[in-house]
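What follows is a short report on a single structure.
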Amino acid sequence: MHFQARVACRSSMFRFPWIDCLIIDRIMQDRQKLLHLLDKIKTQLEEAPELNGVSTADLEKNLQAISDCLKPVKPGPATDSIIHIWSDGACSGNPGPGGWGTIILRDGVKQELSGYHHLTTNNIMEMTGALEGIRQTPEGCRLIITSDSQYLVKGMTTWMKSWKNKNWKKADGKPVLNKSIWMALDKEAGLRDIQWQWIKGHAGHPQNERCDELARNAIAKGVKT
């Protein structure tokens, strides 16, 4: 099967003989040769007179469009790849000394973060781990955030809209707990494309187990200092 480039010319078709001999499979296999051929056609058109009423300028425009489509597009930094974040929180007593741990995987490179607070709650540490992870990523990027906290995941995917519509009040009319952190999460999430995932904690998930270890190590280190 031959690939033929044709341009409408009133009731007739104008055929380029340079392309008649090309086979589709070969074109697909060798993009650079086709681009070279298009450059050759454009050069010949520049040297040719008007062809049966067909404007050479129009032909060149169409050929340039084909050439642009064939050239590979360099991916943009914010949309090419998905960044994965795993986070967890822990608390010795609730409230009590707490820690959070986060793993960020971006372009095959892993980054581990952790932090400590002398008096906090488990929920706050769960939220803080996710928040600090998000803050390490560029605005406009795509994220998948995995957590074993239903409080965090449901808050961001199910409850948030209702809370905001009710001026940060719950269904029972009481103020939303941890409002400042929820607002910070909402702000950062609004600047990115985030998919939230829940997994069961302490179920052998490697990244979740490591985040838990980071959080507990942060507590142990913080209590000693």
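Just so we're on the same page: first chain in the structure tokens is A, next is B, and so on; residues restart at 1 for each chain, and ligands are numbered from 1 in the order they show up.
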Requested in this report: Would you please extract all strand (DSSP E) residues from region 166-208 of chain A, as assigned by DSSP on the backbone, and give them as a PyMOL selection string?
Outcome: chain A and resi 193-198
Output the selection as a short mmCIF file (atom, residue, chain, number, x, y, z; two decimals), in the first residue's frame - C-alpha atoms for each residue.
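Saved file selection31.cif follows:
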data_model
loop_
_atom_site.label_atom_id
_atom_site.label_comp_id
_atom_site.auth_asym_id
_atom_site.auth_seq_id
_atom_site.Cartn_x
_atom_site.Cartn_y
_atom_site.Cartn_z
CA ASP A 193 -3.94 17.58 40.39
CA ILE A 194 -4.16 15.09 43.27
CA GLN A 195 -5.53 11.57 43.50
CA TRP A 196 -6.00 10.41 47.09
CA GLN A 197 -5.72 6.72 47.96
CA TRP A 198 -6.43 4.90 51.21
#
Query raised in the report: What's the 8 Å shell around Trp100 (chain A), counting only C-alpha atoms, without same-chain residues fewer than 5 positions away, as a ChimeraX atom specification?
Result: /A:87-90,114-116,125-126,128-129,211-212,214-216,218
Quick one: everything within 12 Å of Asn94 (chain A), counting only C-alpha atoms, minus sequence neighbours fewer than 4 positions away in the same chain. Send it as a PDB file with N, CA and C atoms, in the first residue's frame.
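That gives us around-v1.pdb:
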ATOM      1  N   GLY A  89       1.387   9.201  60.127  1.00  0.00           N
ATOM      2  CA  GLY A  89       1.599   9.938  61.361  1.00  0.00           C
ATOM      3  C   GLY A  89       1.525   8.999  62.550  1.00  0.00           C
ATOM      4  N   ALA A  90       2.145   9.393  63.648  1.00  0.00           N
ATOM      5  CA  ALA A  90       2.127   8.580  64.862  1.00  0.00           C
ATOM      6  C   ALA A  90       2.126   9.503  66.070  1.00  0.00           C
ATOM      7  N   GLY A  98       4.329  13.643  69.026  1.00  0.00           N
ATOM      8  CA  GLY A  98       3.944  13.045  67.745  1.00  0.00           C
ATOM      9  C   GLY A  98       4.973  13.252  66.657  1.00  0.00           C
ATOM     10  N   GLY A  99       4.896  12.404  65.644  1.00  0.00           N
ATOM     11  CA  GLY A  99       5.801  12.524  64.505  1.00  0.00           C
ATOM     12  C   GLY A  99       5.097  12.160  63.215  1.00  0.00           C
ATOM     13  N   HIS A 118       6.047  18.296  69.974  1.00  0.00           N
ATOM     14  CA  HIS A 118       6.080  17.810  71.362  1.00  0.00           C
ATOM     15  C   HIS A 118       4.691  17.514  71.930  1.00  0.00           C
ATOM     16  N   LEU A 119       3.659  18.175  71.419  1.00  0.00           N
ATOM     17  CA  LEU A 119       2.303  17.921  71.919  1.00  0.00           C
ATOM     18  C   LEU A 119       1.319  18.065  70.755  1.00  0.00           C
ATOM     19  N   THR A 120       0.751  16.959  70.339  1.00  0.00           N
ATOM     20  CA  THR A 120      -0.124  16.975  69.163  1.00  0.00           C
ATOM     21  C   THR A 120      -1.061  15.774  69.206  1.00  0.00           C
ATOM     22  N   THR A 121      -1.738  15.516  68.090  1.00  0.00           N
ATOM     23  CA  THR A 121      -2.620  14.347  67.998  1.00  0.00           C
ATOM     24  C   THR A 121      -2.223  13.508  66.789  1.00  0.00           C
ATOM     25  N   ASN A 122      -2.715  12.289  66.755  1.00  0.00           N
ATOM     26  CA  ASN A 122      -2.411  11.401  65.633  1.00  0.00           C
ATOM     27  C   ASN A 122      -2.968  11.962  64.327  1.00  0.00           C
ATOM     28  N   ASN A 123      -4.191  12.498  64.360  1.00  0.00           N
ATOM     29  CA  ASN A 123      -4.786  13.046  63.148  1.00  0.00           C
ATOM     30  C   ASN A 123      -3.977  14.216  62.587  1.00  0.00           C
ATOM     31  N   ILE A 124      -3.508  15.065  63.472  1.00  0.00           N
ATOM     32  CA  ILE A 124      -2.720  16.214  63.025  1.00  0.00           C
ATOM     33  C   ILE A 124      -1.429  15.746  62.359  1.00  0.00           C
ATOM     34  N   MET A 125      -0.815  14.722  62.928  1.00  0.00           N
ATOM     35  CA  MET A 125       0.421  14.204  62.335  1.00  0.00           C
ATOM     36  C   MET A 125       0.152  13.543  60.982  1.00  0.00           C
TER      37      MET A 125
END
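The space separating CA of Asn217 (chain A) from CA of Gly101 (chain A) comes to 8.9 Å.
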**Report entry** Glu112 (chain A) surroundings by only C-alpha atoms, 7 Å radius, close-in-sequence under 2 positions cut, as a list in words
**Finding:**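 So the residues in contact are Thr102, Ile103, Ile104, Lys110 and Ser114 of chain A.
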Output the selection as a tab-separated table (two decimals), in the first residue's frame - C-alpha atoms for each residue.
chain	number	residue	atom	x	y	z
A	102	THR	CA	6.69	11.02	54.22
A	103	ILE	CA	8.15	9.38	51.13
A	104	ILE	CA	8.18	11.20	47.78
A	110	LYS	CA	13.08	8.74	46.42
A	114	SER	CA	9.98	13.41	58.82
Requested in this report: Can you work out which one of A:Ala171, A:Ile219, A:Ala130, A:Val153 has the shortest atom-to-atom distance to Ile199 (chain A), counting only C-alpha atoms?
Outcome: A:Val153
Distance table requested - region 93-167 of chain A against region 173-183 of chain A, cut-off 9 Å, only C-alpha atoms: one row per qualifying residue with the closest atom pair and its distance in Å to one decimal, ordered by chain and rising residue number, as CSV.
residue,atom,partner,partner_atom,distance
A:Asn123,CA,A:Asn178,CA,8.7
A:Ile124,CA,A:Asn178,CA,7.2
A:Met127,CA,A:Ile181,CA,7.2
A:Thr128,CA,A:Ile181,CA,7.5
A:Leu131,CA,A:Ile181,CA,8.2
A:Gly155,CA,A:Trp182,CA,8.2
A:Met156,CA,A:Trp182,CA,8.3
A:Met160,CA,A:Trp182,CA,8.2
A:Trp163,CA,A:Val176,CA,7.4
A:Lys166,CA,A:Gly173,CA,8.3
A:Asn167,CA,A:Pro175,CA,8.7
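Residues with any atom within 9 Å of Gly201 (chain A), counting only C-alpha atoms and excluding same-chain neighbours fewer than 4 positions away, are Ser147, Asp148, Ser149, His205, Asn208 and Glu209 of chain A.
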For the residues in the current selection, export N, CA and C atoms as an mmCIF file, in the first residue's frame.
data_model
loop_
_atom_site.group_PDB
_atom_site.id
_atom_site.type_symbol
_atom_site.label_atom_id
_atom_site.label_comp_id
_atom_site.auth_asym_id
_atom_site.auth_seq_id
_atom_site.Cartn_x
_atom_site.Cartn_y
_atom_site.Cartn_z
ATOM 1 N N SER A 147 -2.326 7.090 51.896
ATOM 2 C CA SER A 147 -2.306 7.208 53.352
ATOM 3 C C SER A 147 -3.190 6.129 53.962
ATOM 4 N N ASP A 148 -2.866 5.742 55.212
ATOM 5 C CA ASP A 148 -3.733 4.787 55.910
ATOM 6 C C ASP A 148 -4.741 5.495 56.814
ATOM 7 N N SER A 149 -4.819 6.832 56.682
ATOM 8 C CA SER A 149 -5.738 7.623 57.503
ATOM 9 C C SER A 149 -7.037 7.898 56.740
ATOM 10 N N HIS A 205 2.452 -3.056 53.611
ATOM 11 C CA HIS A 205 2.728 -2.164 52.476
ATOM 12 C C HIS A 205 4.087 -1.501 52.725
ATOM 13 N N ASN A 208 4.203 2.368 53.289
ATOM 14 C CA ASN A 208 3.444 2.731 54.485
ATOM 15 C C ASN A 208 4.205 2.333 55.749
ATOM 16 N N GLU A 209 4.798 1.162 55.742
ATOM 17 C CA GLU A 209 5.577 0.714 56.891
ATOM 18 C C GLU A 209 6.786 1.616 57.116
#
Query raised in the report: Could you pull out all residues of region 85-198 of chain A with a DSSP call of alpha helix (DSSP H) and give them as a count of residues only?
Result: 36
